[in-house]
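As stored in entry.pdb (PDB, C-alpha atoms, pLDDT in the B column):
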```
ATOM      1  CA  MET T   1      82.046  88.030  48.743  1.00 50.00           C
ATOM      2  CA  ASN T   2      85.136  86.429  50.256  1.00 62.00           C
ATOM      3  CA  SER T   3      87.743  85.167  47.826  1.00 79.00           C
ATOM      4  CA  LYS T   4      88.584  82.038  49.792  1.00 91.00           C
ATOM      5  CA  SER T   5      87.316  79.859  52.583  1.00 94.00           C
ATOM      6  CA  PHE T   6      89.655  78.706  55.325  1.00 96.00           C
ATOM      7  CA  VAL T   7      87.271  75.836  56.058  1.00 94.00           C
ATOM      8  CA  THR T   8      87.751  74.698  52.456  1.00 95.00           C
ATOM      9  CA  ILE T   9      91.500  75.342  52.465  1.00 96.00           C
ATOM     10  CA  THR T  10      92.087  73.235  55.587  1.00 96.00           C
ATOM     11  CA  SER T  11      89.739  70.488  54.384  1.00 96.00           C
ATOM     12  CA  ASP T  12      91.434  70.286  50.976  1.00 97.00           C
ATOM     13  CA  LEU T  13      94.895  70.257  52.537  1.00 97.00           C
ATOM     14  CA  ASN T  14      93.862  67.516  54.977  1.00 96.00           C
ATOM     15  CA  LYS T  15      92.836  65.353  52.006  1.00 97.00           C
ATOM     16  CA  ALA T  16      96.134  65.952  50.228  1.00 97.00           C
ATOM     17  CA  MET T  17      98.133  65.284  53.400  1.00 97.00           C
ATOM     18  CA  SER T  18      96.221  62.046  53.869  1.00 97.00           C
ATOM     19  CA  ALA T  19      97.530  60.901  50.499  1.00 97.00           C
ATOM     20  CA  MET T  20     101.022  61.969  51.513  1.00 98.00           C
ATOM     21  CA  ARG T  21     100.766  59.943  54.750  1.00 97.00           C
ATOM     22  CA  LYS T  22     100.133  56.859  52.590  1.00 98.00           C
ATOM     23  CA  GLU T  23     102.732  57.577  49.922  1.00 97.00           C
ATOM     24  CA  ILE T  24     105.588  59.063  51.974  1.00 98.00           C
ATOM     25  CA  PRO T  25     104.860  57.729  55.459  1.00 98.00           C
ATOM     26  CA  ASP T  26     108.372  58.173  56.890  1.00 98.00           C
ATOM     27  CA  THR T  27     108.463  61.852  55.959  1.00 98.00           C
ATOM     28  CA  MET T  28     104.995  62.493  57.329  1.00 98.00           C
ATOM     29  CA  GLN T  29     105.694  60.550  60.547  1.00 98.00           C
ATOM     30  CA  GLY T  30     108.869  62.595  61.018  1.00 98.00           C
ATOM     31  CA  PHE T  31     106.987  65.841  60.513  1.00 97.00           C
ATOM     32  CA  SER T  32     104.272  64.689  62.923  1.00 97.00           C
ATOM     33  CA  ALA T  33     106.870  63.846  65.577  1.00 98.00           C
ATOM     34  CA  MET T  34     108.528  67.231  65.107  1.00 98.00           C
ATOM     35  CA  HIS T  35     105.135  68.948  65.429  1.00 97.00           C
ATOM     36  CA  LYS T  36     104.337  67.053  68.611  1.00 97.00           C
ATOM     37  CA  GLY T  37     107.714  67.837  70.169  1.00 97.00           C
ATOM     38  CA  ALA T  38     107.679  71.498  69.216  1.00 98.00           C
ATOM     39  CA  MET T  39     104.082  72.246  70.166  1.00 97.00           C
ATOM     40  CA  GLN T  40     103.711  70.465  73.502  1.00 97.00           C
ATOM     41  CA  ALA T  41     103.489  72.736  76.511  1.00 97.00           C
ATOM     42  CA  GLY T  42     106.716  73.468  78.329  1.00 97.00           C
ATOM     43  CA  VAL T  43     107.925  76.830  79.566  1.00 98.00           C
ATOM     44  CA  LEU T  44     105.641  78.241  76.870  1.00 98.00           C
ATOM     45  CA  SER T  45     102.037  77.110  76.860  1.00 98.00           C
ATOM     46  CA  GLU T  46     100.495  75.338  73.894  1.00 98.00           C
ATOM     47  CA  LEU T  47      98.470  78.514  73.274  1.00 98.00           C
ATOM     48  CA  ASP T  48     101.637  80.649  73.226  1.00 98.00           C
ATOM     49  CA  LYS T  49     103.262  78.259  70.768  1.00 98.00           C
ATOM     50  CA  GLU T  50     100.219  78.317  68.492  1.00 98.00           C
ATOM     51  CA  LEU T  51     100.278  82.131  68.525  1.00 98.00           C
ATOM     52  CA  LEU T  52     103.944  81.990  67.483  1.00 98.00           C
ATOM     53  CA  ALA T  53     103.125  79.500  64.729  1.00 98.00           C
ATOM     54  CA  LEU T  54     100.318  81.724  63.477  1.00 98.00           C
ATOM     55  CA  ALA T  55     102.645  84.733  63.460  1.00 98.00           C
ATOM     56  CA  ILE T  56     105.139  82.835  61.333  1.00 97.00           C
ATOM     57  CA  GLY T  57     102.364  81.665  58.996  1.00 97.00           C
ATOM     58  CA  VAL T  58     101.140  85.253  58.587  1.00 98.00           C
ATOM     59  CA  THR T  59     104.590  86.676  57.890  1.00 96.00           C
ATOM     60  CA  GLN T  60     105.380  83.793  55.494  1.00 96.00           C
ATOM     61  CA  HIS T  61     102.039  84.354  53.689  1.00 96.00           C
ATOM     62  CA  CYS T  62     100.810  80.775  54.155  1.00 97.00           C
ATOM     63  CA  ASP T  63      97.028  80.342  53.910  1.00 97.00           C
ATOM     64  CA  GLY T  64      97.180  76.736  55.122  1.00 97.00           C
ATOM     65  CA  CYS T  65      99.238  77.693  58.169  1.00 97.00           C
ATOM     66  CA  ILE T  66      96.808  80.485  58.975  1.00 98.00           C
ATOM     67  CA  GLY T  67      93.831  78.132  58.712  1.00 97.00           C
ATOM     68  CA  PHE T  68      95.287  75.291  60.756  1.00 98.00           C
ATOM     69  CA  HIS T  69      96.784  77.481  63.482  1.00 98.00           C
ATOM     70  CA  VAL T  70      93.697  79.676  63.869  1.00 98.00           C
ATOM     71  CA  LYS T  71      91.645  76.487  64.191  1.00 97.00           C
ATOM     72  CA  ALA T  72      94.030  75.188  66.874  1.00 98.00           C
ATOM     73  CA  LEU T  73      93.962  78.519  68.681  1.00 98.00           C
ATOM     74  CA  ILE T  74      90.176  78.475  68.816  1.00 98.00           C
ATOM     75  CA  ARG T  75      90.307  74.923  70.214  1.00 98.00           C
ATOM     76  CA  LEU T  76      92.716  76.201  72.894  1.00 98.00           C
ATOM     77  CA  GLY T  77      90.421  79.097  73.821  1.00 98.00           C
ATOM     78  CA  VAL T  78      92.275  82.044  72.299  1.00 98.00           C
ATOM     79  CA  THR T  79      90.560  85.353  72.842  1.00 98.00           C
ATOM     80  CA  ARG T  80      90.044  87.783  69.991  1.00 98.00           C
ATOM     81  CA  GLU T  81      92.243  90.220  71.937  1.00 98.00           C
ATOM     82  CA  GLN T  82      95.137  87.715  72.073  1.00 98.00           C
ATOM     83  CA  LEU T  83      94.754  87.076  68.358  1.00 98.00           C
ATOM     84  CA  MET T  84      94.694  90.787  67.527  1.00 98.00           C
ATOM     85  CA  GLU T  85      97.770  91.580  69.648  1.00 98.00           C
ATOM     86  CA  THR T  86      99.690  88.803  67.929  1.00 98.00           C
ATOM     87  CA  LEU T  87      98.615  90.112  64.524  1.00 98.00           C
ATOM     88  CA  GLY T  88      99.724  93.612  65.543  1.00 98.00           C
ATOM     89  CA  VAL T  89     103.251  92.305  66.100  1.00 97.00           C
ATOM     90  CA  CYS T  90     103.078  90.558  62.707  1.00 97.00           C
ATOM     91  CA  VAL T  91     102.206  93.828  60.992  1.00 97.00           C
ATOM     92  CA  TYR T  92     104.960  95.670  62.870  1.00 97.00           C
ATOM     93  CA  MET T  93     107.583  93.109  61.849  1.00 96.00           C
ATOM     94  CA  GLY T  94     106.297  92.305  58.350  1.00 95.00           C
ATOM     95  CA  GLY T  95     104.833  95.556  57.042  1.00 95.00           C
ATOM     96  CA  GLY T  96     102.149  95.791  54.388  1.00 95.00           C
ATOM     97  CA  PRO T  97     102.311  92.180  53.145  1.00 95.00           C
ATOM     98  CA  ALA T  98     101.923  90.921  56.725  1.00 96.00           C
ATOM     99  CA  LEU T  99      98.962  93.278  57.152  1.00 96.00           C
ATOM    100  CA  MET T 100      97.177  91.576  54.251  1.00 95.00           C
ATOM    101  CA  TYR T 101      97.727  88.107  55.748  1.00 96.00           C
ATOM    102  CA  ALA T 102      96.890  89.339  59.256  1.00 97.00           C
ATOM    103  CA  ALA T 103      93.532  90.393  57.814  1.00 96.00           C
ATOM    104  CA  GLU T 104      93.214  86.878  56.370  1.00 96.00           C
ATOM    105  CA  ALA T 105      93.820  85.464  59.869  1.00 97.00           C
ATOM    106  CA  VAL T 106      90.953  87.630  61.149  1.00 97.00           C
ATOM    107  CA  ARG T 107      88.761  86.271  58.339  1.00 95.00           C
ATOM    108  CA  ALA T 108      89.760  82.712  59.295  1.00 96.00           C
ATOM    109  CA  TYR T 109      88.919  83.380  62.955  1.00 97.00           C
ATOM    110  CA  ASP T 110      85.561  84.863  62.016  1.00 96.00           C
ATOM    111  CA  GLU T 111      84.807  81.981  59.641  1.00 95.00           C
ATOM    112  CA  PHE T 112      85.693  79.261  62.150  1.00 96.00           C
ATOM    113  CA  THR T 113      83.784  80.943  64.994  1.00 96.00           C
ATOM    114  CA  ALA T 114      80.691  81.888  62.992  1.00 94.00           C
ATOM    115  CA  PRO T 115      77.465  80.315  64.247  1.00 92.00           C
ATOM    116  CA  LYS T 116      76.589  77.254  62.214  1.00 81.00           C
TER     117      LYS T 116
END
```
How would this structure read if it were set down as structure tokens?
Amino acid sequence: MNSKSFVTITSDLNKAMSAMRKEIPDTMQGFSAMHKGAMQAGVLSELDKELLALAIGVTQHCDGCIGFHVKALIRLGVTREQLMETLGVCVYMGGGPALMYAAEAVRAYDEFTAPK
């Protein structure tokens, strides 16, 4: 039995962020603008930037980041091989703790891509 669901994590966080958009709109609009500016394709593709964001989420041990960025990567057509190579670099740079969260990223990928 899995200890957590990334579908549930991202859904719950979306609800909480919705409340934040209402209660601290300037902060949330600023964050949204920063996200848009940072993640739009440039020299690096949107896919490359999402892989970087996932790597940071893994090494910072952030379940929400893992869920949201894996979801975005799937939308962008990431291959399992691209995901695994990125996670390999995470483990190299972050050691054992990154390995545990890299495994969580694999669980998120499997959960989001499972047949419904």
Which residue gives the smallest distance to Asn14 (chain T) among T:Gly88, T:Met93, T:Gly64, T:Pro115, with all atoms listed in the file counted?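 Distance minimum relative to Asn14 (chain T) lands on T:Gly64.
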What does the structure give for the distance between CA of Ala16 (chain T) and CA of Ala103 (chain T), in Å to one decimal?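 Separation of CA of Ala16 (chain T) and CA of Ala103 (chain T): 25.7 Å.
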Can you turn the PyMOL selection byres ((chain T and resi 66-76) around 8) into a concrete residue list for this file, as a list in words? Phe6, Val7, Ile9, Thr10, Glu46, Leu47, Glu50, Leu51, Ala53, Leu54, Gly57, Val58, Cys62, Asp63, Gly64, Cys65, Gly77, Val78, Thr79, Glu104, Ala105, Ala108, Tyr109, Phe112 and Thr113 of chain T
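Residue nearest Lys36 (chain T) within the list T:Val89, T:Glu81, T:Lys49, T:Ile24: T:Lys49 [criterion: smallest interatomic distance, only C-alpha atoms].
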One residue among T:Ala19, T:Met28, T:Ile56, T:Val106 is nearest to Cys90 (chain T) when using only C-alpha atoms, and that residue is T:Ile56
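Between CA of Ser18 (chain T) and CA of Ala33 (chain T) the interatomic distance comes to 15.9 Å.
In this model, the gap between CA of Met39 (chain T) and CA of Thr86 (chain T) comes to 17.3 Å.
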How big is the axis-aligned box around the listed atoms of region 34-46 of chain T once 8 Å is added on each side, and where is its centre? Give both in Å to one decimal, as JSON.
```
{"center_x": 104.5, "center_y": 72.6, "center_z": 72.3, "size_x": 24.0, "size_y": 27.2, "size_z": 30.5}
```
